[in-house]
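Reproduced below: coords19.txt, with compact mmCIF, C-alpha atoms and all ligand atoms.
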# COMPACT_ATOMS: atom_id res chain seq x y z
CA MET A 1488 -63.15 25.72 49.09
CA ALA A 1489 -66.51 24.91 50.67
CA GLN A 1490 -69.64 24.55 48.57
CA MET A 1491 -71.80 25.70 51.47
CA LEU A 1492 -70.72 28.90 53.17
CA ILE A 1493 -72.46 29.72 56.44
CA ILE A 1494 -71.93 33.31 57.60
CA ASN A 1495 -72.57 33.81 61.32
CA GLY A 1496 -73.30 37.45 62.26
CA SER A 1497 -73.47 36.93 66.04
CA PRO A 1498 -70.70 37.85 68.49
CA ARG A 1499 -71.84 35.12 70.93
CA ILE A 1500 -69.51 32.12 70.58
CA LYS A 1501 -72.08 29.72 72.05
CA GLY A 1502 -75.15 31.75 71.14
CA ASN A 1503 -78.34 30.76 69.38
CA THR A 1504 -77.07 31.63 65.92
CA ALA A 1505 -73.91 29.60 66.57
CA ILE A 1506 -76.03 26.57 67.57
CA LEU A 1507 -78.16 26.85 64.42
CA CYS A 1508 -75.05 27.24 62.24
CA LYS A 1509 -73.44 24.19 63.86
CA ASN A 1510 -76.57 22.09 63.28
CA LEU A 1511 -76.69 23.10 59.63
CA ASP A 1512 -72.97 22.44 59.19
CA GLU A 1513 -73.39 18.96 60.69
CA ILE A 1514 -76.25 18.15 58.30
CA PHE A 1515 -74.02 19.08 55.35
CA LYS A 1516 -70.97 17.21 56.68
CA LYS A 1517 -73.05 14.07 57.35
CA GLU A 1518 -73.88 13.98 53.64
CA ASP A 1519 -70.25 14.66 52.66
CA VAL A 1520 -71.07 18.15 51.43
CA GLU A 1521 -68.21 20.56 52.04
CA SER A 1522 -69.26 23.30 54.38
CA GLU A 1523 -67.58 26.11 56.31
CA ILE A 1524 -68.82 28.44 59.03
CA ILE A 1525 -67.44 31.99 58.97
CA VAL A 1526 -67.83 33.91 62.24
CA LEU A 1527 -67.83 37.57 61.24
CA ASN A 1528 -67.08 38.72 64.77
CA LYS A 1529 -63.68 36.98 64.67
CA LEU A 1530 -62.72 38.93 61.55
CA LYS A 1531 -61.65 42.50 60.99
CA ILE A 1532 -64.21 43.95 58.61
CA ASN A 1533 -64.17 47.71 58.17
CA PRO A 1534 -67.12 49.73 56.91
CA CYS A 1535 -67.27 50.40 53.17
CA ARG A 1536 -65.57 53.74 52.47
CA ALA A 1537 -67.53 54.38 49.27
CA CYS A 1538 -64.27 55.25 47.48
CA ASP A 1539 -65.63 53.40 44.40
CA SER A 1540 -62.18 51.96 43.53
CA CYS A 1541 -63.85 48.56 43.18
CA ILE A 1542 -66.42 49.98 40.79
CA ARG A 1543 -63.70 51.66 38.68
CA THR A 1544 -61.50 48.58 38.39
CA GLY A 1545 -64.24 45.93 38.41
CA ASP A 1546 -61.64 43.43 39.63
CA LEU A 1547 -63.79 42.10 42.50
CA LYS A 1548 -61.34 43.40 45.11
CA CYS A 1549 -61.44 46.07 47.77
CA VAL A 1550 -58.55 48.49 48.41
CA GLN A 1551 -58.99 48.06 52.18
CA LYS A 1552 -56.53 45.62 53.73
CA ASP A 1553 -58.75 43.65 56.05
CA ASP A 1554 -60.32 40.19 56.32
CA MET A 1555 -62.86 40.77 53.53
CA ASN A 1556 -60.01 39.96 51.13
CA SER A 1557 -59.96 36.36 52.32
CA LEU A 1558 -63.76 36.17 52.23
CA PHE A 1559 -64.27 37.33 48.63
CA PRO A 1560 -62.79 34.17 47.00
CA LYS A 1561 -64.82 31.95 49.37
CA LEU A 1562 -68.02 33.78 48.47
CA LEU A 1563 -67.28 33.63 44.76
CA ASN A 1564 -66.55 29.89 44.92
CA ALA A 1565 -69.48 28.88 47.14
CA ARG A 1566 -72.52 27.29 45.57
CA VAL A 1567 -74.73 28.22 48.50
CA ILE A 1568 -74.44 31.19 50.88
CA ILE A 1569 -76.40 31.11 54.13
CA LEU A 1570 -76.58 34.26 56.23
CA ALA A 1571 -77.31 33.53 59.89
CA CYS A 1572 -77.88 36.45 62.20
CA PRO A 1573 -79.42 37.67 65.45
CA ILE A 1574 -81.74 40.67 65.37
CA TYR A 1575 -80.12 43.75 66.88
CA TRP A 1576 -82.07 46.95 67.20
CA PHE A 1577 -84.82 45.76 64.88
CA THR A 1578 -82.63 44.60 62.01
CA VAL A 1579 -79.46 42.57 61.25
CA SER A 1580 -76.46 42.87 63.62
CA GLY A 1581 -73.75 45.44 62.96
CA GLN A 1582 -71.32 42.66 62.06
CA MET A 1583 -73.69 41.44 59.33
CA LYS A 1584 -74.41 44.94 58.03
CA LEU A 1585 -70.68 45.74 57.64
CA PHE A 1586 -70.24 42.47 55.75
CA LEU A 1587 -73.23 43.16 53.47
CA ASP A 1588 -72.02 46.69 52.66
CA ARG A 1589 -68.64 45.35 51.63
CA LEU A 1590 -70.24 43.05 49.04
CA TYR A 1591 -70.35 46.26 47.00
CA ALA A 1592 -66.83 45.30 45.82
CA LEU A 1593 -68.30 42.34 43.95
CA HIS A 1594 -69.75 44.54 41.22
CA GLY A 1595 -67.55 43.26 38.44
CA LYS A 1596 -67.21 43.88 34.74
CA GLU A 1597 -69.98 41.39 34.03
CA GLY A 1598 -72.38 42.62 36.68
CA PHE A 1599 -72.77 41.56 40.27
CA ALA A 1600 -70.54 38.54 40.80
CA LEU A 1601 -72.80 36.77 43.30
CA LYS A 1602 -75.61 36.58 40.75
CA ASN A 1603 -77.43 33.23 40.53
CA LYS A 1604 -76.04 31.76 43.75
CA THR A 1605 -78.35 29.86 46.04
CA MET A 1606 -78.98 31.94 49.14
CA ALA A 1607 -80.78 31.45 52.42
CA ALA A 1608 -80.97 33.14 55.80
CA ILE A 1609 -81.59 32.18 59.42
CA LEU A 1610 -82.68 34.88 61.86
CA VAL A 1611 -83.12 34.67 65.62
CA TYR A 1612 -84.58 37.29 67.96
CA GLY A 1613 -85.42 37.84 71.62
CA ASP A 1614 -89.01 38.97 71.23
CA VAL A 1615 -91.66 36.38 70.46
CA ASP A 1616 -93.20 38.43 67.69
CA GLU A 1617 -91.52 38.86 64.30
CA MET A 1618 -93.05 42.32 63.87
CA LYS A 1619 -92.20 43.69 67.33
CA SER A 1620 -88.73 42.13 67.29
CA GLY A 1621 -87.87 43.97 64.09
CA ALA A 1622 -87.14 40.64 62.36
CA ILE A 1623 -89.51 41.86 59.68
CA ASN A 1624 -87.02 44.61 58.76
CA ALA A 1625 -84.16 42.12 58.45
CA ILE A 1626 -86.38 39.79 56.41
CA ARG A 1627 -87.21 42.65 54.02
CA THR A 1628 -83.53 43.68 53.77
CA LEU A 1629 -82.42 40.14 52.99
CA GLN A 1630 -85.27 39.53 50.55
CA ASP A 1631 -84.15 42.61 48.62
CA CYS A 1632 -80.54 41.52 48.88
CA PHE A 1633 -81.36 38.03 47.53
CA SER A 1634 -83.48 39.47 44.72
CA TYR A 1635 -80.68 41.86 43.81
CA CYS A 1636 -78.37 38.83 43.60
CA SER A 1637 -80.98 37.01 41.45
CA ALA A 1638 -80.63 34.22 44.00
CA LYS A 1639 -82.02 30.87 42.87
CA TYR A 1640 -83.50 30.11 46.26
CA LYS A 1641 -84.55 32.73 48.74
CA LYS A 1642 -85.61 30.85 51.83
CA ILE A 1643 -85.50 32.83 55.07
CA ILE A 1644 -86.28 30.98 58.28
CA HIS A 1645 -86.60 32.70 61.63
CA GLY A 1646 -87.72 32.29 65.21
CA SER A 1647 -87.51 33.46 68.78
CA ALA A 1648 -84.83 32.66 71.38
CA ASN A 1649 -83.33 35.14 73.80
CA ASN A 1650 -80.64 33.79 76.13
CA PRO A 1651 -77.71 31.80 74.73
CA GLY A 1652 -78.82 28.22 74.19
CA ASP A 1653 -82.57 28.97 74.37
CA VAL A 1654 -82.93 28.08 70.71
CA ILE A 1655 -82.82 24.35 71.41
CA LYS A 1656 -86.25 24.81 73.04
CA ASN A 1657 -87.63 26.37 69.85
CA ILE A 1658 -88.57 23.05 68.25
CA LYS A 1659 -90.06 24.70 65.15
CA LEU A 1660 -86.89 26.65 64.36
CA MET A 1661 -84.65 23.62 65.03
CA GLU A 1662 -86.83 21.58 62.64
CA ASP A 1663 -86.81 24.37 60.05
CA VAL A 1664 -83.00 24.36 60.09
CA LYS A 1665 -82.99 20.60 59.48
CA LYS A 1666 -85.44 21.01 56.59
CA LEU A 1667 -83.40 23.88 55.16
CA GLY A 1668 -80.21 21.81 55.27
CA LYS A 1669 -81.84 18.84 53.53
CA ASP A 1670 -83.47 21.09 50.93
CA LEU A 1671 -80.18 22.79 50.13
CA ILE A 1672 -78.44 19.43 49.70
CA GLU A 1673 -81.20 17.86 47.60
CA LYS A 1674 -82.16 20.72 45.34
CA TYR A 1675 -79.01 22.77 44.95
C1 LIG A 1701 -77.43 44.75 71.15
C2 LIG A 1701 -78.63 43.86 71.13
C3 LIG A 1701 -79.77 44.29 70.47
C4 LIG A 1701 -80.89 43.47 70.39
N1 LIG A 1701 -81.99 43.91 69.73
C5 LIG A 1701 -83.08 43.11 69.62
C6 LIG A 1701 -84.23 43.55 68.89
O1 LIG A 1701 -84.28 44.65 68.33
N2 LIG A 1701 -85.29 42.71 68.81
C7 LIG A 1701 -85.30 41.48 69.43
O2 LIG A 1701 -86.31 40.78 69.33
N3 LIG A 1701 -84.20 41.04 70.09
C8 LIG A 1701 -83.11 41.82 70.21
N4 LIG A 1701 -81.99 41.36 70.86
C9 LIG A 1701 -81.99 39.98 71.40
C10 LIG A 1701 -81.25 39.01 70.47
O3 LIG A 1701 -81.75 39.04 69.15
C11 LIG A 1701 -81.37 37.60 71.03
O4 LIG A 1701 -80.77 37.55 72.31
C12 LIG A 1701 -80.76 36.53 70.14
O5 LIG A 1701 -81.05 35.26 70.67
C13 LIG A 1701 -79.27 36.69 70.02
O6 LIG A 1701 -78.77 35.67 69.22
P1 LIG A 1701 -77.31 35.02 69.46
O7 LIG A 1701 -77.39 34.23 70.76
O8 LIG A 1701 -77.08 34.20 68.30
O9 LIG A 1701 -76.36 36.17 69.55
C14 LIG A 1701 -80.87 42.18 70.99
C15 LIG A 1701 -79.71 41.75 71.65
C16 LIG A 1701 -78.61 42.57 71.72
C17 LIG A 1701 -77.36 42.10 72.43
Kindly present the structure from the file in structure tokens form.
Ligand SMILES: Cc1cc2nc3c(=O)[nH]c(=O)nc-3n(C[C@H](O)[C@H](O)[C@H](O)COP(=O)(O)O)c2cc1C
Amino acid sequence: MAQMLIINGSPRIKGNTAILCKNLDEIFKKEDVESEIIVLNKLKINPCRACDSCIRTGDLKCVQKDDMNSLFPKLLNARVIILACPIYWFTVSGQMKLFLDRLYALHGKEGFALKNKTMAAILVYGDVDEMKSGAINAIRTLQDCFSYCSAKYKKIIHGSANNPGDVIKNIKLMEDVKKLGKDLIEKY
């Protein structure tokens, strides 16, 4: 199973998030670091039903029979988890939010099972301003999420790009992804 797990929360196959994920994946692969991109939109991920079965059993499983079952072992085994996501309606996409809610099942007998992982995020938005775009809300959500996980590294990079492919013109964000990839390889 891959050491680096990149979770793509965009439905666009050739969108900006997909380009950034591919770049990151290539940086890892070039250095022989195992890496895998998970495209949430290709998976069936239901909303959390709040039945609390996972909390009662503490067995790090969800009673729902959907694709989260194949994701849990990958998340538990990964050394680094990178959440990559477009901004939709001033926060993370619906695909990403459903995924995040379902992490509830990882409250095990010894606490939250993703504790002490290395975590990072990449956000992309149509507006040029991180406040007006709502990226700020997603940044806050993910900062809280990473703190809750006692993540060792909490880097969140973000930038503007609207139409699919536009991100290659955002030199700063493309460079930030490169730096993030190298940092994650070197330090973690
Ligand atoms: C349903 C929807 C909602 C969006 N909401 C926002 C928003 O609130 N703020 C913003 O700056 N951009 C918004 N956008 C623009 C996307 O964030 C932007 O197009 C981004 O590049 C999409 O990334 P992707 O190509 O990886 O899917 C929205 C786009 C869609 C389709």
For ligand LIG 1701 (chain A), return the neighbouring residues as a short mmCIF file (atom, residue, chain, number, x, y, z; two decimals) with C-alpha atoms, in the frame of the given file (distance at most 10 Å; only C-alpha atoms and all ligand atoms).
data_model
loop_
_atom_site.label_atom_id
_atom_site.label_comp_id
_atom_site.auth_asym_id
_atom_site.auth_seq_id
_atom_site.Cartn_x
_atom_site.Cartn_y
_atom_site.Cartn_z
CA ASN A 1495 -72.57 33.81 61.32
CA GLY A 1496 -73.30 37.45 62.26
CA SER A 1497 -73.47 36.93 66.04
CA PRO A 1498 -70.70 37.85 68.49
CA ARG A 1499 -71.84 35.12 70.93
CA ILE A 1500 -69.51 32.12 70.58
CA LYS A 1501 -72.08 29.72 72.05
CA GLY A 1502 -75.15 31.75 71.14
CA ASN A 1503 -78.34 30.76 69.38
CA THR A 1504 -77.07 31.63 65.92
CA ALA A 1505 -73.91 29.60 66.57
CA ILE A 1506 -76.03 26.57 67.57
CA LEU A 1507 -78.16 26.85 64.42
CA CYS A 1508 -75.05 27.24 62.24
CA ALA A 1571 -77.31 33.53 59.89
CA CYS A 1572 -77.88 36.45 62.20
CA PRO A 1573 -79.42 37.67 65.45
CA ILE A 1574 -81.74 40.67 65.37
CA TYR A 1575 -80.12 43.75 66.88
CA TRP A 1576 -82.07 46.95 67.20
CA PHE A 1577 -84.82 45.76 64.88
CA THR A 1578 -82.63 44.60 62.01
CA VAL A 1579 -79.46 42.57 61.25
CA SER A 1580 -76.46 42.87 63.62
CA GLY A 1581 -73.75 45.44 62.96
CA LEU A 1610 -82.68 34.88 61.86
CA VAL A 1611 -83.12 34.67 65.62
CA TYR A 1612 -84.58 37.29 67.96
CA GLY A 1613 -85.42 37.84 71.62
CA ASP A 1614 -89.01 38.97 71.23
CA VAL A 1615 -91.66 36.38 70.46
CA ASP A 1616 -93.20 38.43 67.69
CA GLU A 1617 -91.52 38.86 64.30
CA MET A 1618 -93.05 42.32 63.87
CA LYS A 1619 -92.20 43.69 67.33
CA SER A 1620 -88.73 42.13 67.29
CA GLY A 1621 -87.87 43.97 64.09
CA ALA A 1622 -87.14 40.64 62.36
CA ASN A 1624 -87.02 44.61 58.76
CA GLY A 1646 -87.72 32.29 65.21
CA SER A 1647 -87.51 33.46 68.78
CA ALA A 1648 -84.83 32.66 71.38
CA ASN A 1649 -83.33 35.14 73.80
CA ASN A 1650 -80.64 33.79 76.13
CA PRO A 1651 -77.71 31.80 74.73
CA GLY A 1652 -78.82 28.22 74.19
CA ASP A 1653 -82.57 28.97 74.37
CA VAL A 1654 -82.93 28.08 70.71
#
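Interatomic distance, atom CA of A:Gln1630 against atom CA of A:Ile1655: 25.9 Å.
Proximity of A:Met1661, A:Ile1514, A:Ile1542, A:Ala1600 to A:Tyr1635, computed with only C-alpha atoms, is greatest for A:Ala1600.
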Original post:
Do you have the atom CA of A:Leu1492-atom CA of A:Ser1557 distance handy?
Top reply: 13.1 Å
Subject >> Point-to-point distance in Å for atom CA of A:Lys1517 and atom CA of A:Lys1659 >> reply: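 For atom CA of A:Lys1659 relative to atom CA of A:Lys1517, the distance reads 21.5 Å.
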**OP:** Considering all atoms listed in the file, state which residue in the set A:Thr1544, A:Asp1554, A:Lys1656, A:Ala1608 is at the smallest distance from A:Ala1638.
**Re:** A:Ala1608
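Checking A:Leu1547, A:Leu1660, A:Ile1609, A:Ile1672 one by one against A:Glu1521, counting only C-alpha atoms, you find the shortest gap at A:Ile1672.
Considering only C-alpha atoms, the residue among A:Lys1584, A:His1594, A:Lys1674, A:Lys1665 positioned nearest to A:Cys1636 is A:His1594.
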Subject >> Selected residue of minimal separation from A:Asp1512 among A:Asn1603, A:Gln1490, A:Gln1582, A:Asn1533, counting only C-alpha atoms >> reply: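 Closest to A:Asp1512 of all the choices is A:Gln1490.
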Subject >> Residue nearest A:Ile1644 among A:Cys1535, A:Ile1623, A:Ala1565, A:Cys1632 (counting only C-alpha atoms) >> reply: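 The shortest atom-to-atom distance to A:Ile1644 comes from A:Ile1623.
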Could all heavy atoms be built for stretch 1524-1535 of chain A and written out as an mmCIF file, in the frame of the given file?
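Ended up saving to result-v8.cif:
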data_model
loop_
_atom_site.group_PDB
_atom_site.id
_atom_site.type_symbol
_atom_site.label_atom_id
_atom_site.label_comp_id
_atom_site.auth_asym_id
_atom_site.auth_seq_id
_atom_site.Cartn_x
_atom_site.Cartn_y
_atom_site.Cartn_z
ATOM 1 N N ILE A 1524 -68.154 27.363 58.292
ATOM 2 C CA ILE A 1524 -68.820 28.440 59.030
ATOM 3 C C ILE A 1524 -67.829 29.603 59.180
ATOM 4 O O ILE A 1524 -66.698 29.405 59.627
ATOM 5 C CB ILE A 1524 -69.263 27.985 60.446
ATOM 6 C CG1 ILE A 1524 -70.209 26.780 60.360
ATOM 7 C CG2 ILE A 1524 -69.917 29.146 61.203
ATOM 8 C CD1 ILE A 1524 -70.573 26.167 61.714
ATOM 9 N N ILE A 1525 -68.256 30.782 58.796
ATOM 10 C CA ILE A 1525 -67.440 31.990 58.970
ATOM 11 C C ILE A 1525 -68.074 32.809 60.092
ATOM 12 O O ILE A 1525 -69.251 33.175 59.995
ATOM 13 C CB ILE A 1525 -67.445 32.860 57.683
ATOM 14 C CG1 ILE A 1525 -67.009 32.066 56.450
ATOM 15 C CG2 ILE A 1525 -66.653 34.149 57.879
ATOM 16 C CD1 ILE A 1525 -65.546 31.815 56.325
ATOM 17 N N VAL A 1526 -67.303 33.081 61.139
ATOM 18 C CA VAL A 1526 -67.830 33.910 62.240
ATOM 19 C C VAL A 1526 -67.325 35.336 62.022
ATOM 20 O O VAL A 1526 -66.146 35.635 62.208
ATOM 21 C CB VAL A 1526 -67.379 33.343 63.617
ATOM 22 C CG1 VAL A 1526 -67.933 34.206 64.755
ATOM 23 C CG2 VAL A 1526 -67.833 31.898 63.770
ATOM 24 N N LEU A 1527 -68.228 36.204 61.606
ATOM 25 C CA LEU A 1527 -67.830 37.570 61.240
ATOM 26 C C LEU A 1527 -67.147 38.295 62.395
ATOM 27 O O LEU A 1527 -66.220 39.077 62.190
ATOM 28 C CB LEU A 1527 -69.040 38.371 60.763
ATOM 29 C CG LEU A 1527 -69.695 37.887 59.466
ATOM 30 C CD1 LEU A 1527 -70.919 38.736 59.142
ATOM 31 C CD2 LEU A 1527 -68.715 37.909 58.300
ATOM 32 N N ASN A 1528 -67.617 38.004 63.611
ATOM 33 C CA ASN A 1528 -67.080 38.720 64.770
ATOM 34 C C ASN A 1528 -65.596 38.428 65.034
ATOM 35 O O ASN A 1528 -64.929 39.181 65.720
ATOM 36 C CB ASN A 1528 -67.914 38.389 66.011
ATOM 37 C CG ASN A 1528 -67.710 39.399 67.108
ATOM 38 O OD1 ASN A 1528 -67.884 40.593 66.889
ATOM 39 N ND2 ASN A 1528 -67.318 38.940 68.282
ATOM 40 N N LYS A 1529 -65.101 37.334 64.476
ATOM 41 C CA LYS A 1529 -63.680 36.980 64.670
ATOM 42 C C LYS A 1529 -62.814 37.698 63.644
ATOM 43 O O LYS A 1529 -61.596 37.622 63.678
ATOM 44 C CB LYS A 1529 -63.480 35.473 64.515
ATOM 45 C CG LYS A 1529 -64.011 34.676 65.678
ATOM 46 C CD LYS A 1529 -63.536 33.242 65.534
ATOM 47 C CE LYS A 1529 -64.144 32.366 66.591
ATOM 48 N NZ LYS A 1529 -64.075 30.936 66.224
ATOM 49 N N LEU A 1530 -63.454 38.312 62.654
ATOM 50 C CA LEU A 1530 -62.720 38.930 61.550
ATOM 51 C C LEU A 1530 -62.689 40.441 61.691
ATOM 52 O O LEU A 1530 -63.553 41.036 62.340
ATOM 53 C CB LEU A 1530 -63.372 38.559 60.214
ATOM 54 C CG LEU A 1530 -63.564 37.069 59.927
ATOM 55 C CD1 LEU A 1530 -64.259 36.879 58.591
ATOM 56 C CD2 LEU A 1530 -62.228 36.339 59.941
ATOM 57 N N LYS A 1531 -61.698 41.034 61.032
ATOM 58 C CA LYS A 1531 -61.650 42.500 60.990
ATOM 59 C C LYS A 1531 -62.313 42.928 59.684
ATOM 60 O O LYS A 1531 -61.782 42.683 58.596
ATOM 61 C CB LYS A 1531 -60.184 42.943 61.043
ATOM 62 C CG LYS A 1531 -60.009 44.448 61.068
ATOM 63 C CD LYS A 1531 -58.545 44.778 61.300
ATOM 64 C CE LYS A 1531 -58.122 46.177 60.909
ATOM 65 N NZ LYS A 1531 -59.067 47.222 60.976
ATOM 66 N N ILE A 1532 -63.478 43.494 59.810
ATOM 67 C CA ILE A 1532 -64.210 43.950 58.610
ATOM 68 C C ILE A 1532 -64.579 45.422 58.809
ATOM 69 O O ILE A 1532 -65.413 45.762 59.652
ATOM 70 C CB ILE A 1532 -65.469 43.083 58.356
ATOM 71 C CG1 ILE A 1532 -65.065 41.613 58.130
ATOM 72 C CG2 ILE A 1532 -66.254 43.623 57.159
ATOM 73 C CD1 ILE A 1532 -66.204 40.656 57.883
ATOM 74 N N ASN A 1533 -63.916 46.259 58.066
ATOM 75 C CA ASN A 1533 -64.170 47.710 58.170
ATOM 76 C C ASN A 1533 -65.442 48.079 57.416
ATOM 77 O O ASN A 1533 -65.869 47.360 56.516
ATOM 78 C CB ASN A 1533 -63.011 48.484 57.529
ATOM 79 C CG ASN A 1533 -61.708 48.249 58.243
ATOM 80 O OD1 ASN A 1533 -61.669 48.144 59.466
ATOM 81 N ND2 ASN A 1533 -60.631 48.148 57.481
ATOM 82 N N PRO A 1534 -65.990 49.260 57.729
ATOM 83 C CA PRO A 1534 -67.120 49.730 56.910
ATOM 84 C C PRO A 1534 -66.663 50.053 55.487
ATOM 85 O O PRO A 1534 -65.483 50.359 55.267
ATOM 86 C CB PRO A 1534 -67.553 51.027 57.618
ATOM 87 C CG PRO A 1534 -66.868 51.047 58.923
ATOM 88 C CD PRO A 1534 -65.651 50.180 58.815
ATOM 89 N N CYS A 1535 -67.575 49.966 54.548
ATOM 90 C CA CYS A 1535 -67.270 50.400 53.170
ATOM 91 C C CYS A 1535 -66.974 51.892 53.205
ATOM 92 O O CYS A 1535 -67.664 52.651 53.893
ATOM 93 C CB CYS A 1535 -68.488 50.119 52.280
ATOM 94 S SG CYS A 1535 -68.329 50.818 50.616
#
